[in-house]
Amino acid sequence: MQVRRWVFVAGAMLLGAGLTACGTPANDFEAGECTNDDLTGSIGEIDTVDCDEVHTAEAFAQFDIDGDDFPGTAEIQTEGAEGCQGDRFEEYVGIPYAESIYLANGIVPSEDSWDAGDRTVICVIGGTTDGSDLEGSAEGSNE
């Protein structure tokens, strides 16, 4: 099982336990899936929930980081945040990140999962700028 880490950029993202529907390996958490799991620290599996229900996080994109050697924690966190808060975010939500009510970042490979071949960043919306949880999908919301 590959272990991934959640990265914070700005604001307090409140992520906690909630109703679970099914466990998904972290690397398979895909755009349009939602969760109430705590996405901090080491993540092996993510329990998904219906996005129409109140939830704390929604995946919206994935991309790979190039390279053979682990770039370091700070660099991988920066690359993950930049990759999730640019075009990928705007394509999913409908407006630029800086104009949105949503907080977004990336679940990035840990050094251990990198050494096992993991290069995938999973972009996740993790709440709103006013601290609210999410209800309904952020896809195409223009918020």
# chains A, B, ... in the order shown; residues from 1 in each chain; ligands from 1
call {"tool": "select_by_dssp", "arguments": {"residues": "region 2-136 of chain A", "states": "helix (DSSP H, G or I)", "output": "short mmCIF file (atom, residue, chain, number, x, y, z; two decimals) with all heavy atoms, in the first residue's frame"}}
result
data_model
loop_
_atom_site.label_atom_id
_atom_site.label_comp_id
_atom_site.auth_asym_id
_atom_site.auth_seq_id
_atom_site.Cartn_x
_atom_site.Cartn_y
_atom_site.Cartn_z
N ALA A 26 -5.72 5.44 -1.74
CA ALA A 26 -5.50 6.88 -1.92
C ALA A 26 -5.17 7.23 -3.37
O ALA A 26 -5.65 8.23 -3.89
CB ALA A 26 -4.42 7.37 -0.98
N ASN A 27 -4.38 6.41 -4.03
CA ASN A 27 -3.99 6.70 -5.41
C ASN A 27 -5.15 6.62 -6.38
O ASN A 27 -5.04 7.10 -7.51
CB ASN A 27 -2.88 5.75 -5.87
CG ASN A 27 -1.57 6.05 -5.20
OD1 ASN A 27 -1.39 7.08 -4.59
ND2 ASN A 27 -0.65 5.11 -5.30
N ASP A 28 -6.26 6.02 -5.97
CA ASP A 28 -7.43 5.89 -6.84
C ASP A 28 -8.53 6.89 -6.53
O ASP A 28 -9.63 6.80 -7.07
CB ASP A 28 -7.99 4.46 -6.74
CG ASP A 28 -7.02 3.42 -7.26
OD1 ASP A 28 -6.17 3.76 -8.10
OD2 ASP A 28 -7.10 2.27 -6.82
N THR A 73 10.62 17.53 0.55
CA THR A 73 9.28 17.82 1.03
C THR A 73 8.79 19.19 0.60
O THR A 73 7.68 19.32 0.08
CB THR A 73 9.23 17.68 2.57
OG1 THR A 73 9.63 16.35 2.92
CG2 THR A 73 7.84 17.95 3.10
N ALA A 74 9.58 20.24 0.80
CA ALA A 74 9.14 21.60 0.46
C ALA A 74 8.88 21.73 -1.03
O ALA A 74 7.86 22.30 -1.44
CB ALA A 74 10.17 22.62 0.92
N GLU A 75 9.75 21.20 -1.85
CA GLU A 75 9.60 21.33 -3.29
C GLU A 75 8.38 20.56 -3.80
O GLU A 75 7.62 21.05 -4.64
CB GLU A 75 10.86 20.85 -4.01
CG GLU A 75 10.80 21.12 -5.50
CD GLU A 75 12.10 20.81 -6.22
OE1 GLU A 75 13.18 20.97 -5.62
OE2 GLU A 75 12.02 20.39 -7.38
N ILE A 76 8.17 19.36 -3.30
CA ILE A 76 7.04 18.57 -3.77
C ILE A 76 5.72 19.20 -3.30
O ILE A 76 4.72 19.19 -4.03
CB ILE A 76 7.16 17.09 -3.36
CG1 ILE A 76 6.27 16.23 -4.26
CG2 ILE A 76 6.81 16.87 -1.90
CD1 ILE A 76 6.56 14.75 -4.15
N GLN A 77 5.70 19.79 -2.11
CA GLN A 77 4.51 20.48 -1.64
C GLN A 77 4.21 21.70 -2.52
O GLN A 77 3.06 21.94 -2.89
CB GLN A 77 4.67 20.90 -0.19
CG GLN A 77 4.66 19.73 0.77
CD GLN A 77 4.96 20.15 2.20
OE1 GLN A 77 5.41 21.26 2.48
NE2 GLN A 77 4.73 19.23 3.13
N THR A 78 5.23 22.45 -2.86
CA THR A 78 5.06 23.63 -3.72
C THR A 78 4.57 23.23 -5.10
O THR A 78 3.63 23.83 -5.63
CB THR A 78 6.38 24.42 -3.83
OG1 THR A 78 6.74 24.87 -2.52
CG2 THR A 78 6.25 25.60 -4.77
N GLU A 79 5.20 22.21 -5.68
CA GLU A 79 4.80 21.76 -7.01
C GLU A 79 3.36 21.23 -7.00
O GLU A 79 2.58 21.48 -7.92
CB GLU A 79 5.76 20.69 -7.52
CG GLU A 79 5.59 20.41 -8.99
CD GLU A 79 6.73 19.61 -9.59
OE1 GLU A 79 7.83 19.55 -9.01
OE2 GLU A 79 6.51 19.05 -10.69
N GLY A 80 2.99 20.53 -5.95
CA GLY A 80 1.63 20.03 -5.83
C GLY A 80 0.61 21.16 -5.73
O GLY A 80 -0.42 21.16 -6.41
N ALA A 81 0.90 22.15 -4.88
CA ALA A 81 -0.01 23.28 -4.71
C ALA A 81 -0.15 24.07 -6.01
O ALA A 81 -1.27 24.40 -6.44
CB ALA A 81 0.47 24.19 -3.59
N GLU A 82 0.96 24.37 -6.64
CA GLU A 82 0.91 25.14 -7.89
C GLU A 82 0.16 24.39 -8.97
O GLU A 82 -0.61 24.99 -9.72
CB GLU A 82 2.33 25.49 -8.35
CG GLU A 82 3.00 26.53 -7.47
CD GLU A 82 4.48 26.76 -7.82
OE1 GLU A 82 5.04 26.02 -8.68
OE2 GLU A 82 5.07 27.67 -7.22
N GLY A 83 0.35 23.10 -9.06
CA GLY A 83 -0.33 22.30 -10.07
C GLY A 83 -1.82 22.18 -9.83
O GLY A 83 -2.60 22.00 -10.76
N CYS A 84 -2.24 22.28 -8.56
CA CYS A 84 -3.66 22.14 -8.23
C CYS A 84 -4.39 23.48 -8.20
O CYS A 84 -5.62 23.51 -8.31
CB CYS A 84 -3.82 21.45 -6.88
SG CYS A 84 -3.33 19.71 -6.90
N ASP A 87 -4.58 25.99 -13.70
CA ASP A 87 -5.53 25.62 -14.74
C ASP A 87 -6.43 24.46 -14.37
O ASP A 87 -7.61 24.46 -14.72
CB ASP A 87 -4.80 25.28 -16.04
CG ASP A 87 -4.11 26.49 -16.66
OD1 ASP A 87 -4.49 27.64 -16.32
OD2 ASP A 87 -3.22 26.29 -17.49
N ARG A 88 -5.90 23.48 -13.67
CA ARG A 88 -6.72 22.32 -13.29
C ARG A 88 -7.91 22.74 -12.43
O ARG A 88 -9.03 22.28 -12.61
CB ARG A 88 -5.88 21.28 -12.57
CG ARG A 88 -4.88 20.58 -13.45
CD ARG A 88 -3.96 19.65 -12.65
NE ARG A 88 -2.95 19.07 -13.51
CZ ARG A 88 -1.77 19.63 -13.75
NH1 ARG A 88 -1.43 20.76 -13.17
NH2 ARG A 88 -0.92 19.03 -14.55
N PHE A 89 -7.65 23.64 -11.48
CA PHE A 89 -8.71 24.14 -10.62
C PHE A 89 -9.75 24.91 -11.45
O PHE A 89 -10.95 24.67 -11.35
CB PHE A 89 -8.15 25.05 -9.52
CG PHE A 89 -9.20 25.57 -8.59
CD1 PHE A 89 -9.54 24.86 -7.45
CD2 PHE A 89 -9.87 26.76 -8.86
CE1 PHE A 89 -10.54 25.33 -6.59
CE2 PHE A 89 -10.86 27.24 -8.00
CZ PHE A 89 -11.19 26.53 -6.87
N GLU A 90 -9.27 25.82 -12.27
CA GLU A 90 -10.18 26.64 -13.08
C GLU A 90 -11.02 25.79 -14.04
O GLU A 90 -12.21 26.04 -14.21
CB GLU A 90 -9.41 27.69 -13.86
CG GLU A 90 -10.30 28.67 -14.60
CD GLU A 90 -9.58 29.86 -15.18
OE1 GLU A 90 -8.36 30.02 -14.96
OE2 GLU A 90 -10.25 30.64 -15.88
N GLU A 91 -10.42 24.77 -14.63
CA GLU A 91 -11.17 23.88 -15.52
C GLU A 91 -12.27 23.14 -14.78
O GLU A 91 -13.35 22.92 -15.32
CB GLU A 91 -10.22 22.89 -16.20
CG GLU A 91 -9.32 23.53 -17.24
CD GLU A 91 -8.23 22.59 -17.72
OE1 GLU A 91 -8.31 21.36 -17.47
OE2 GLU A 91 -7.29 23.08 -18.36
N TYR A 92 -12.03 22.75 -13.54
CA TYR A 92 -13.01 21.98 -12.78
C TYR A 92 -14.11 22.87 -12.19
O TYR A 92 -15.30 22.57 -12.30
CB TYR A 92 -12.31 21.20 -11.66
CG TYR A 92 -13.19 20.18 -10.99
CD1 TYR A 92 -13.43 18.95 -11.59
CD2 TYR A 92 -13.76 20.42 -9.75
CE1 TYR A 92 -14.24 17.98 -10.97
CE2 TYR A 92 -14.55 19.47 -9.12
CZ TYR A 92 -14.80 18.25 -9.74
OH TYR A 92 -15.59 17.32 -9.12
N VAL A 93 -13.71 23.97 -11.55
CA VAL A 93 -14.65 24.82 -10.84
C VAL A 93 -15.30 25.85 -11.77
O VAL A 93 -16.46 26.19 -11.61
CB VAL A 93 -13.97 25.51 -9.64
CG1 VAL A 93 -14.89 26.51 -8.95
CG2 VAL A 93 -13.50 24.46 -8.63
N TYR A 97 -8.61 30.14 -9.18
CA TYR A 97 -8.50 29.83 -7.75
C TYR A 97 -8.57 31.09 -6.89
O TYR A 97 -9.26 31.12 -5.88
CB TYR A 97 -7.19 29.07 -7.49
CG TYR A 97 -7.00 28.69 -6.04
CD1 TYR A 97 -7.80 27.71 -5.45
CD2 TYR A 97 -6.04 29.31 -5.26
CE1 TYR A 97 -7.65 27.36 -4.12
CE2 TYR A 97 -5.88 28.96 -3.92
CZ TYR A 97 -6.67 27.99 -3.36
OH TYR A 97 -6.52 27.65 -2.04
N ALA A 98 -7.89 32.15 -7.30
CA ALA A 98 -7.84 33.39 -6.51
C ALA A 98 -9.21 34.04 -6.36
O ALA A 98 -9.43 34.82 -5.43
CB ALA A 98 -6.87 34.38 -7.13
N GLU A 99 -10.15 33.72 -7.23
CA GLU A 99 -11.50 34.31 -7.18
C GLU A 99 -12.51 33.37 -6.51
O GLU A 99 -13.67 33.74 -6.33
CB GLU A 99 -11.98 34.64 -8.59
CG GLU A 99 -11.12 35.65 -9.30
CD GLU A 99 -11.49 35.81 -10.77
OE1 GLU A 99 -12.60 35.40 -11.17
OE2 GLU A 99 -10.65 36.33 -11.52
N GLU A 111 7.98 10.46 0.67
CA GLU A 111 9.28 9.97 0.20
C GLU A 111 9.25 8.46 0.01
O GLU A 111 9.79 7.92 -0.96
CB GLU A 111 10.40 10.37 1.15
CG GLU A 111 11.78 10.06 0.60
CD GLU A 111 12.90 10.70 1.38
OE1 GLU A 111 12.65 11.38 2.39
OE2 GLU A 111 14.07 10.50 0.97
N ASP A 112 8.58 7.76 0.92
CA ASP A 112 8.48 6.29 0.81
C ASP A 112 7.70 5.88 -0.43
O ASP A 112 8.08 4.96 -1.14
CB ASP A 112 7.84 5.69 2.06
CG ASP A 112 8.76 5.75 3.27
OD1 ASP A 112 9.99 5.88 3.09
OD2 ASP A 112 8.24 5.66 4.39
N SER A 113 6.55 6.53 -0.68
CA SER A 113 5.77 6.14 -1.86
C SER A 113 6.49 6.54 -3.15
O SER A 113 6.40 5.85 -4.15
CB SER A 113 4.34 6.70 -1.80
OG SER A 113 4.30 8.09 -2.00
N TRP A 114 7.23 7.65 -3.11
CA TRP A 114 8.04 8.07 -4.26
C TRP A 114 9.06 6.98 -4.59
O TRP A 114 9.23 6.60 -5.75
CB TRP A 114 8.75 9.39 -3.95
CG TRP A 114 9.55 9.94 -5.08
CD1 TRP A 114 10.84 9.58 -5.46
CD2 TRP A 114 9.14 10.94 -6.02
NE1 TRP A 114 11.23 10.30 -6.54
CE2 TRP A 114 10.22 11.14 -6.91
CE3 TRP A 114 7.99 11.68 -6.17
CZ2 TRP A 114 10.16 12.07 -7.95
CZ3 TRP A 114 7.93 12.60 -7.20
CH2 TRP A 114 9.00 12.78 -8.08
N ASP A 115 9.73 6.48 -3.55
CA ASP A 115 10.73 5.42 -3.75
C ASP A 115 10.10 4.15 -4.33
O ASP A 115 10.78 3.36 -4.98
CB ASP A 115 11.45 5.11 -2.44
CG ASP A 115 12.37 6.23 -1.99
OD1 ASP A 115 12.71 7.11 -2.81
OD2 ASP A 115 12.73 6.25 -0.78
#
call {"tool": "residues_around", "arguments": {"residues": "region 52-66 of chain A", "least_positions_apart": "2", "cutoff": "7 Å", "atoms": "only C-alpha atoms", "output": "PyMOL selection string"}}
result
chain A and resi 15+29-36+50+88+92+119-127+133-137
call {"tool": "closest_residue", "arguments": {"among": "A:Pro96, A:Thr24, A:Ser42, A:Asp118", "to": "Asp68 (chain A)", "atoms": "only C-alpha atoms"}}
result
A:Asp118
call {"tool": "select_by_dssp", "arguments": {"residues": "region 67-140 of chain A", "states": "strand (DSSP E)", "output": "MDAnalysis selection string"}}
result
chainID A and resid 102:109 120:128 134:135
call {"tool": "write_last_selection", "arguments": {"atoms": "C-alpha atoms", "output": "PDB file, in the first residue's frame"}}
result
ATOM      1  CA  TYR A 102     -12.774  27.063  -2.196  1.00  0.00           C
ATOM      2  CA  LEU A 103      -9.495  26.025  -0.599  1.00  0.00           C
ATOM      3  CA  ALA A 104      -7.531  23.570  -2.717  1.00  0.00           C
ATOM      4  CA  ASN A 105      -4.277  21.716  -2.538  1.00  0.00           C
ATOM      5  CA  GLY A 106      -2.700  18.392  -3.386  1.00  0.00           C
ATOM      6  CA  ILE A 107      -2.196  15.019  -1.802  1.00  0.00           C
ATOM      7  CA  VAL A 108       1.428  14.465  -2.766  1.00  0.00           C
ATOM      8  CA  PRO A 109       3.664  11.379  -2.691  1.00  0.00           C
ATOM      9  CA  THR A 120       0.918  11.236  -8.735  1.00  0.00           C
ATOM     10  CA  VAL A 121      -0.502  14.362  -7.100  1.00  0.00           C
ATOM     11  CA  ILE A 122      -4.236  14.226  -6.333  1.00  0.00           C
ATOM     12  CA  CYS A 123      -5.825  17.682  -6.343  1.00  0.00           C
ATOM     13  CA  VAL A 124      -8.434  18.165  -3.625  1.00  0.00           C
ATOM     14  CA  ILE A 125     -10.829  20.922  -2.601  1.00  0.00           C
ATOM     15  CA  GLY A 126     -10.788  20.878   1.195  1.00  0.00           C
ATOM     16  CA  GLY A 127     -13.410  23.357   2.332  1.00  0.00           C
ATOM     17  CA  THR A 128     -14.209  27.005   1.808  1.00  0.00           C
ATOM     18  CA  LEU A 134     -18.869  21.291   1.166  1.00  0.00           C
ATOM     19  CA  GLU A 135     -22.296  20.209  -0.024  1.00  0.00           C
TER      20      GLU A 135
END
call {"tool": "atom_distance", "arguments": {"atom1": "CA of Ile101 (chain A)", "atom2": "CA of Glu143 (chain A)"}}
result
5.7 Å
call {"tool": "closest_residue", "arguments": {"among": "A:Asp47, A:Thr40, A:Pro71, A:Ala138", "to": "Ser100 (chain A)", "atoms": "only C-alpha atoms"}}
result
A:Ala138
call {"tool": "atom_distance", "arguments": {"atom1": "CA of Asp38 (chain A)", "atom2": "CA of Asn142 (chain A)"}}
result
25.8 Å
call {"tool": "atom_distance", "arguments": {"atom1": "CA of Gly41 (chain A)", "atom2": "CA of Gly23 (chain A)"}}
result
17.3 Å
